[in-house]
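Engineer: Just protein_8.csv, nothing more (CSV, C-alpha atoms):
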chain,number,residue,atom,x,y,z
N,90,THR,CA,-33.6,149.5,41.4
N,91,ASP,CA,-35.4,151.1,44.3
N,92,LYS,CA,-35.7,147.6,45.8
N,93,MET,CA,-32.0,147.0,45.8
N,94,ALA,CA,-30.7,145.5,49.1
N,95,ALA,CA,-28.6,147.7,51.3
N,96,PRO,CA,-24.9,147.0,50.7
N,97,SER,CA,-22.8,145.3,53.4
N,98,VAL,CA,-21.6,147.4,56.3
N,99,LEU,CA,-18.2,149.1,56.0
N,100,PRO,CA,-15.6,148.8,58.7
N,101,ALA,CA,-15.0,151.7,61.1
N,102,LEU,CA,-14.1,154.9,59.2
N,103,PRO,CA,-10.3,155.7,59.7
N,104,ALA,CA,-9.7,159.1,61.2
N,105,ALA,CA,-7.9,160.3,58.1
N,106,PHE,CA,-11.1,159.8,56.1
N,107,LYS,CA,-13.2,162.1,58.2
N,108,PRO,CA,-13.7,164.6,55.3
N,109,VAL,CA,-15.9,162.0,53.5
N,110,GLN,CA,-17.8,160.9,56.6
N,111,HIS,CA,-21.0,162.8,55.8
N,112,HIS,CA,-20.9,161.8,52.1
N,113,LEU,CA,-20.9,158.2,53.2
N,114,LYS,CA,-23.7,158.9,55.7
N,115,THR,CA,-25.7,160.4,52.8
N,116,ALA,CA,-25.1,157.2,50.8
N,117,THR,CA,-26.5,155.1,53.6
N,118,ASP,CA,-29.5,157.4,53.9
N,119,HIS,CA,-30.2,156.7,50.2
N,120,ASP,CA,-29.5,153.0,49.8
N,121,LYS,CA,-33.2,152.2,49.6
N,122,ARG,CA,-34.6,155.6,48.6
N,123,ASP,CA,-32.3,156.2,45.6
N,124,PRO,CA,-29.5,153.7,45.0
N,125,VAL,CA,-28.0,155.8,42.2
N,126,ILE,CA,-27.4,158.7,44.6
N,127,ALA,CA,-26.0,156.3,47.1
N,128,TYR,CA,-23.6,154.8,44.5
N,129,TYR,CA,-22.2,158.2,43.4
N,130,CYS,CA,-21.8,159.3,47.0
N,131,ARG,CA,-19.7,156.3,47.7
N,132,LEU,CA,-17.8,156.7,44.5
N,133,TYR,CA,-17.0,160.3,45.4
N,134,ALA,CA,-15.9,159.2,48.9
N,135,MET,CA,-13.6,156.5,47.5
N,136,GLN,CA,-12.0,158.9,45.0
N,137,THR,CA,-11.4,161.5,47.6
N,138,ALA,CA,-10.2,159.1,50.3
N,139,MET,CA,-7.7,157.5,47.9
N,140,LYS,CA,-6.1,160.9,47.5
N,141,ILE,CA,-5.8,161.3,51.3
N,142,ASP,CA,-4.2,157.9,52.1
N,143,SER,CA,-4.2,154.6,50.2
N,144,LYS,CA,-1.1,153.2,51.9
N,145,SER,CA,-1.6,152.8,55.7
N,146,PRO,CA,-3.2,149.5,56.7
N,147,ASP,CA,-6.4,150.8,58.1
N,148,CYS,CA,-7.1,153.2,55.2
N,149,ARG,CA,-6.2,150.6,52.6
N,150,GLY,CA,-8.4,148.0,54.3
N,151,PHE,CA,-11.3,150.4,54.3
N,152,LEU,CA,-10.8,151.4,50.7
N,153,ILE,CA,-10.8,147.7,49.6
N,154,LYS,CA,-14.1,147.1,51.4
N,155,LEU,CA,-15.6,150.3,49.9
N,156,MET,CA,-14.5,149.2,46.4
N,157,ASP,CA,-16.1,145.8,47.0
N,158,MET,CA,-19.3,147.6,48.0
N,159,LEU,CA,-19.3,149.7,44.8
N,160,GLU,CA,-18.7,146.7,42.7
N,161,GLN,CA,-21.7,144.9,44.4
N,162,MET,CA,-23.9,148.0,43.8
N,163,LYS,CA,-22.8,148.2,40.2
N,164,LYS,CA,-23.9,144.6,39.6
N,165,GLU,CA,-27.2,145.2,41.3
N,166,LEU,CA,-27.8,148.4,39.3
N,167,VAL,CA,-26.7,146.8,36.0
N,168,GLY,CA,-29.9,147.9,34.2
N,169,SER,CA,-29.6,151.5,35.3
N,170,GLU,CA,-28.6,153.9,32.6
N,171,ALA,CA,-27.6,156.4,35.3
N,172,ILE,CA,-24.8,154.0,36.2
N,173,SER,CA,-23.7,152.9,32.7
N,174,ASN,CA,-23.9,156.4,31.1
N,175,GLU,CA,-22.2,159.2,33.0
N,176,VAL,CA,-24.2,161.9,31.1
N,177,VAL,CA,-27.4,160.4,32.5
N,178,GLY,CA,-25.8,159.9,35.9
N,179,GLN,CA,-24.7,163.5,36.1
N,180,ALA,CA,-28.2,164.7,35.1
N,181,HIS,CA,-29.7,162.5,37.8
N,182,VAL,CA,-27.4,163.7,40.6
N,183,GLU,CA,-27.6,167.3,39.6
N,184,SER,CA,-31.4,167.2,39.3
N,185,TYR,CA,-31.7,165.6,42.7
N,186,ALA,CA,-29.3,168.1,44.3
N,187,LEU,CA,-31.1,171.1,42.8
N,188,LYS,CA,-34.5,169.7,43.9
N,189,MET,CA,-33.2,169.4,47.4
N,190,PHE,CA,-31.7,172.9,47.3
N,191,LEU,CA,-34.9,174.4,46.0
N,192,PHE,CA,-37.0,172.7,48.7
N,193,ALA,CA,-34.7,174.1,51.4
N,194,ASP,CA,-34.6,177.6,49.7
N,195,ASN,CA,-38.4,177.8,49.4
N,196,GLN,CA,-38.8,176.8,53.0
N,197,ASP,CA,-36.1,179.3,54.1
N,198,ARG,CA,-37.6,182.2,52.2
N,199,SER,CA,-41.0,181.3,53.6
N,200,ALA,CA,-39.5,181.5,57.1
N,201,ASN,CA,-40.2,177.8,57.8
N,202,PHE,CA,-37.1,177.1,59.9
N,203,ASN,CA,-36.5,173.6,61.2
N,204,LYS,CA,-34.0,170.8,61.2
N,205,SER,CA,-35.2,169.4,57.9
N,206,VAL,CA,-34.3,172.7,56.2
N,207,VAL,CA,-30.9,172.6,57.7
N,208,LYS,CA,-30.4,169.0,56.6
N,209,SER,CA,-31.7,169.7,53.1
N,210,PHE,CA,-29.3,172.6,52.6
N,211,TYR,CA,-26.4,170.6,54.0
N,212,THR,CA,-27.3,167.5,51.9
N,213,ALA,CA,-27.6,169.6,48.8
N,214,SER,CA,-24.1,170.9,49.4
N,215,MET,CA,-22.8,167.3,49.8
N,216,LEU,CA,-24.4,166.4,46.4
N,217,PHE,CA,-22.8,169.4,44.7
N,218,ASP,CA,-19.5,167.9,46.0
N,219,VAL,CA,-20.5,164.5,44.5
N,220,LEU,CA,-21.0,166.1,41.1
N,221,GLN,CA,-17.2,166.5,40.9
N,222,VAL,CA,-16.9,162.8,40.0
N,223,PHE,CA,-18.1,163.9,36.5
N,224,GLY,CA,-15.6,166.8,36.2
N,225,GLU,CA,-15.2,170.4,37.4
N,226,LEU,CA,-18.2,172.2,38.8
N,227,SER,CA,-19.6,175.1,37.0
N,228,GLU,CA,-19.5,178.6,38.6
N,229,ASP,CA,-23.2,178.4,39.2
N,230,LEU,CA,-22.9,175.1,41.0
N,231,ILE,CA,-20.0,176.4,43.1
N,232,LYS,CA,-22.2,179.3,44.2
N,233,HIS,CA,-25.1,177.0,45.0
N,234,ARG,CA,-22.7,174.8,47.1
N,235,LYS,CA,-21.3,177.8,49.0
N,236,TYR,CA,-24.7,179.3,49.7
N,237,ALA,CA,-26.1,175.9,50.8
N,238,ARG,CA,-23.2,175.3,53.2
N,239,TRP,CA,-23.5,178.8,54.7
N,240,LYS,CA,-27.3,178.6,55.0
N,241,SER,CA,-27.3,175.2,56.8
N,242,ALA,CA,-24.6,176.4,59.3
N,243,TYR,CA,-26.4,179.7,59.8
N,244,ILE,CA,-29.9,178.3,60.4
N,245,HIS,CA,-28.5,175.5,62.6
N,246,ASP,CA,-26.6,178.0,64.7
N,247,CYS,CA,-29.7,180.3,65.1
N,248,LEU,CA,-31.9,177.3,66.1
N,249,ARG,CA,-29.3,176.2,68.6
N,250,LYS,CA,-29.2,179.7,70.2
N,251,GLY,CA,-32.9,180.1,70.2
N,252,GLU,CA,-32.7,183.0,67.7
N,253,THR,CA,-34.9,183.5,64.6
N,254,PRO,CA,-33.0,183.2,61.4
N,255,ILE,CA,-33.3,185.9,58.7
N,256,PRO,CA,-34.9,184.4,55.6
N,257,GLY,CA,-33.1,184.4,52.2
N,258,PRO,CA,-29.7,185.8,51.5
N,259,LEU,CA,-28.0,188.4,53.7
N,260,GLY,CA,-26.0,189.9,50.8
N,261,GLY,CA,-22.5,191.0,51.8
N,262,GLU,CA,-23.1,190.7,55.6
N,263,GLU,CA,-21.9,187.1,55.7
N,264,GLY,CA,-18.6,187.2,53.8
N,265,GLY,CA,-20.3,188.1,50.6
N,266,VAL,CA,-22.5,185.0,50.5
N,267,GLU,CA,-25.3,185.9,48.1
N,268,ALA,CA,-28.2,184.0,46.6
N,269,PRO,CA,-27.0,181.9,43.7
N,270,PRO,CA,-28.5,182.5,40.2
N,271,PRO,CA,-31.6,180.5,39.4
N,272,MET,CA,-30.7,177.2,37.8
N,273,GLY,CA,-33.5,175.3,36.0
N,274,PHE,CA,-36.4,173.6,37.9
N,275,LYS,CA,-37.4,177.2,38.8
N,276,ASP,CA,-41.1,176.4,38.5
N,277,LEU,CA,-40.8,173.3,40.7
N,278,PRO,CA,-43.5,173.6,43.4
N,279,PRO,CA,-42.0,173.5,46.9
N,280,GLN,CA,-42.4,169.9,47.9
N,281,GLN,CA,-41.3,168.3,51.1
N,282,PRO,CA,-39.0,165.4,50.3
N,283,ALA,CA,-40.2,162.0,51.5
N,284,ALA,CA,-39.5,161.2,55.1
N,285,ASN,CA,-35.8,161.6,55.8
N,286,GLN,CA,-35.2,162.2,52.0
N,287,PHE,CA,-31.9,164.0,52.5
N,288,PRO,CA,-29.3,163.5,49.8
N,289,PRO,CA,-25.5,163.2,49.6
N,290,PRO,CA,-21.6,164.8,48.1
N,291,THR,CA,-16.9,165.3,44.9
N,292,ASN,CA,-13.0,166.2,43.0
N,293,GLN,CA,-12.2,166.6,39.4
N,294,VAL,CA,-12.0,163.3,37.7
N,295,PRO,CA,-11.6,162.6,34.0
N,296,PRO,CA,-14.7,161.3,32.2
N,297,GLY,CA,-15.2,157.6,32.6
N,298,ALA,CA,-13.3,157.6,35.8
N,299,HIS,CA,-15.8,155.5,37.6
N,300,ALA,CA,-14.1,152.4,36.4
N,301,LEU,CA,-13.0,151.1,39.7
N,302,PRO,CA,-9.4,150.2,40.4
N,303,THR,CA,-8.9,146.8,41.9
N,304,THR,CA,-6.9,148.0,44.9
N,305,PRO,CA,-5.4,151.4,45.8
N,306,ALA,CA,-1.9,150.1,45.2
N,307,GLU,CA,-2.7,149.2,41.6
N,308,THR,CA,-4.0,152.6,40.7
N,309,PRO,CA,-1.7,154.2,38.0
N,310,ASN,CA,-0.4,157.5,39.1
N,311,ASN,CA,-0.6,159.1,35.7
N,312,PRO,CA,-2.9,157.1,33.5
N,313,VAL,CA,-2.3,158.0,29.8
N,314,PRO,CA,-5.5,158.2,27.7
N,315,THR,CA,-5.2,156.2,24.5
N,316,GLN,CA,-6.2,157.8,21.2
N,317,PRO,CA,-8.5,155.8,19.0
N,318,ALA,CA,-6.5,154.2,16.2
N,319,ALA,CA,-8.9,155.3,13.5
N,320,TYR,CA,-9.4,158.8,14.7
N,321,ASP,CA,-7.9,160.3,11.6
N,322,ASP,CA,-10.6,158.5,9.6
N,323,TYR,CA,-13.3,160.0,11.8
N,324,LEU,CA,-16.1,161.5,9.7
N,325,GLN,CA,-17.4,164.7,11.2
N,326,PRO,CA,-21.2,164.9,11.3
N,327,THR,CA,-22.6,167.9,9.6
N,328,ALA,CA,-25.3,170.3,10.9
N,329,SER,CA,-28.4,170.8,8.9
N,330,GLY,CA,-27.0,174.2,7.7
N,331,GLY,CA,-23.9,172.5,6.3
N,332,VAL,CA,-21.7,173.3,9.4
N,333,ALA,CA,-19.4,170.6,10.5
N,334,LEU,CA,-20.1,169.4,14.1
N,335,THR,CA,-17.3,168.3,16.4
N,336,PRO,CA,-17.5,165.4,18.8
N,337,ASP,CA,-17.7,168.0,21.5
N,338,ASP,CA,-20.8,169.5,19.8
N,339,MET,CA,-22.4,166.1,19.7
N,340,THR,CA,-21.7,165.5,23.4
N,341,LYS,CA,-23.1,168.9,24.3
N,342,ALA,CA,-26.3,168.3,22.3
N,343,SER,CA,-26.7,164.9,23.9
N,344,LYS,CA,-26.2,166.4,27.4
N,345,MET,CA,-28.8,169.1,26.7
N,346,CYS,CA,-31.3,166.4,25.7
N,347,ARG,CA,-30.6,164.4,28.8
N,348,TYR,CA,-31.2,167.5,31.0
N,349,ALA,CA,-34.5,168.1,29.2
N,350,ILE,CA,-35.6,164.6,30.0
N,351,SER,CA,-34.5,165.0,33.6
N,352,ALA,CA,-36.4,168.3,33.8
N,353,LEU,CA,-39.6,166.6,32.6
N,354,GLN,CA,-39.3,164.1,35.4
N,355,TYR,CA,-39.8,167.0,37.7
N,356,GLU,CA,-42.6,168.5,35.5
N,357,ASP,CA,-40.4,171.5,34.8
N,358,VAL,CA,-41.5,172.2,31.2
N,359,PRO,CA,-39.8,175.6,30.7
N,360,THR,CA,-36.4,174.1,31.5
N,361,ALA,CA,-37.1,171.1,29.2
N,362,ILE,CA,-38.1,173.4,26.3
N,363,ASP,CA,-35.0,175.6,26.9
N,364,ASN,CA,-32.6,172.7,26.8
N,365,LEU,CA,-34.2,171.2,23.7
N,366,GLN,CA,-34.1,174.5,21.9
N,367,LYS,CA,-30.5,174.9,22.7
N,368,ALA,CA,-29.8,171.4,21.4
N,369,LEU,CA,-31.7,172.1,18.2
N,370,ARG,CA,-29.8,175.4,17.7
N,371,LEU,CA,-26.4,173.7,18.2
N,372,LEU,CA,-27.3,170.8,15.8
N,373,SER,CA,-28.6,173.3,13.2
N,374,THR,CA,-25.9,176.0,13.4
N,375,GLY,CA,-22.9,174.4,15.2
N,376,LYS,CA,-23.2,177.2,17.8
N,377,ASP,CA,-24.5,176.7,21.3
N,378,SER,CA,-25.3,180.4,22.0
Output the file's structure in the form of structure tokens.
Structural biologist:
Amino acid sequence: TDKMAAPSVLPALPAAFKPVQHHLKTATDHDKRDPVIAYYCRLYAMQTAMKIDSKSPDCRGFLIKLMDMLEQMKKELVGSEAISNEVVGQAHVESYALKMFLFADNQDRSANFNKSVVKSFYTASMLFDVLQVFGELSEDLIKHRKYARWKSAYIHDCLRKGETPIPGPLGGEEGGVEAPPPMGFKDLPPQQPAANQFPPPTNQVPPGAHALPTTPAETPNNPVPTQPAAYDDYLQPTASGGVALTPDDMTKASKMCRYAISALQYEDVPTAIDNLQKALRLLSTGKDS
């Protein structure tokens, strides 16, 4: 997938779509480096832009081209589980965003201030936006996004003025922006991303919402989810302790396992163990805490 050809060029961005300008730029930056990140950045941009304006000619024309691009990418990434399975996709984007955030945070706390740190913080905040294509952000991710946005603006402003930034959080001095809680990958060694490896950015969307509408005008305003016909006959799986597991329990356990696999890709063994233990506890007792 990393050899995927860069998608065709989009027309000029309508002024109304300026809020997703940087998310689309992040997508372009990742077309060759990480097409999965590029895909979800464009998906977020499309979903957000459609809520802004899907009727005026220039906006509608842009959205149609963006949809064509997403369809093209989907075909070229047909073998990627991160595209076909949203749990894997979410783990991929979240891992990438946290890796970018931690690189910037480590550099910042070591007083290594430069443009790459600014861009890493800013790109991480864009990717936390993008995670909204999978649903609402957790409180921890919201704190990470807020901190990353503030840090990128603060360091950029200091460098522009020729001042030396203060490393780490400033506590309540900057509108109460505090360091977010540690979130997995805590033992990841500080590692400079590959040249220009700066990621991308999101709105609450129901699961499976990356089925692309054909055109903006054909998007139903209030799609009604259909209930499986045989739902009443659904047989609940049972935990090893005899506790009935709900479909939600099974989804949570699956997600924990995916996060563990993703953590191992970054050689973060403690986080992998923690997620696997949580999955085992849930499957054994029916309780996730």
Engineer: Between N:Asp194, N:Leu334, N:Thr360, N:Leu365, which is the closest to Cys346 in chain N once you count all atoms listed in the file?
Structural biologist: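 Closest to Cys346 in chain N of all the choices is N:Leu365.
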Engineer: Closest to His119 in chain N among N:Lys188, N:Asn201, N:Leu216, N:Ala171, using only C-alpha atoms?
Structural biologist: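 So, comparing all the options, the nearest one is N:Leu216.
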Engineer: How far is it from CA of Val206 in chain N to CA of Ala193 in chain N, in Å with one decimal?
Structural biologist: 5.0 Å
Engineer: Between CA of Met135 in chain N and CA of Lys341 in chain N, what is the spacing in Å?
Structural biologist: 28.0 Å
Engineer: Check the smallest atom-to-atom distance from each of N:Asp229, N:Asp377, N:Asp357, N:Asp197 to Ala342 in chain N using only C-alpha atoms, then report the winner.
Structural biologist: N:Asp377
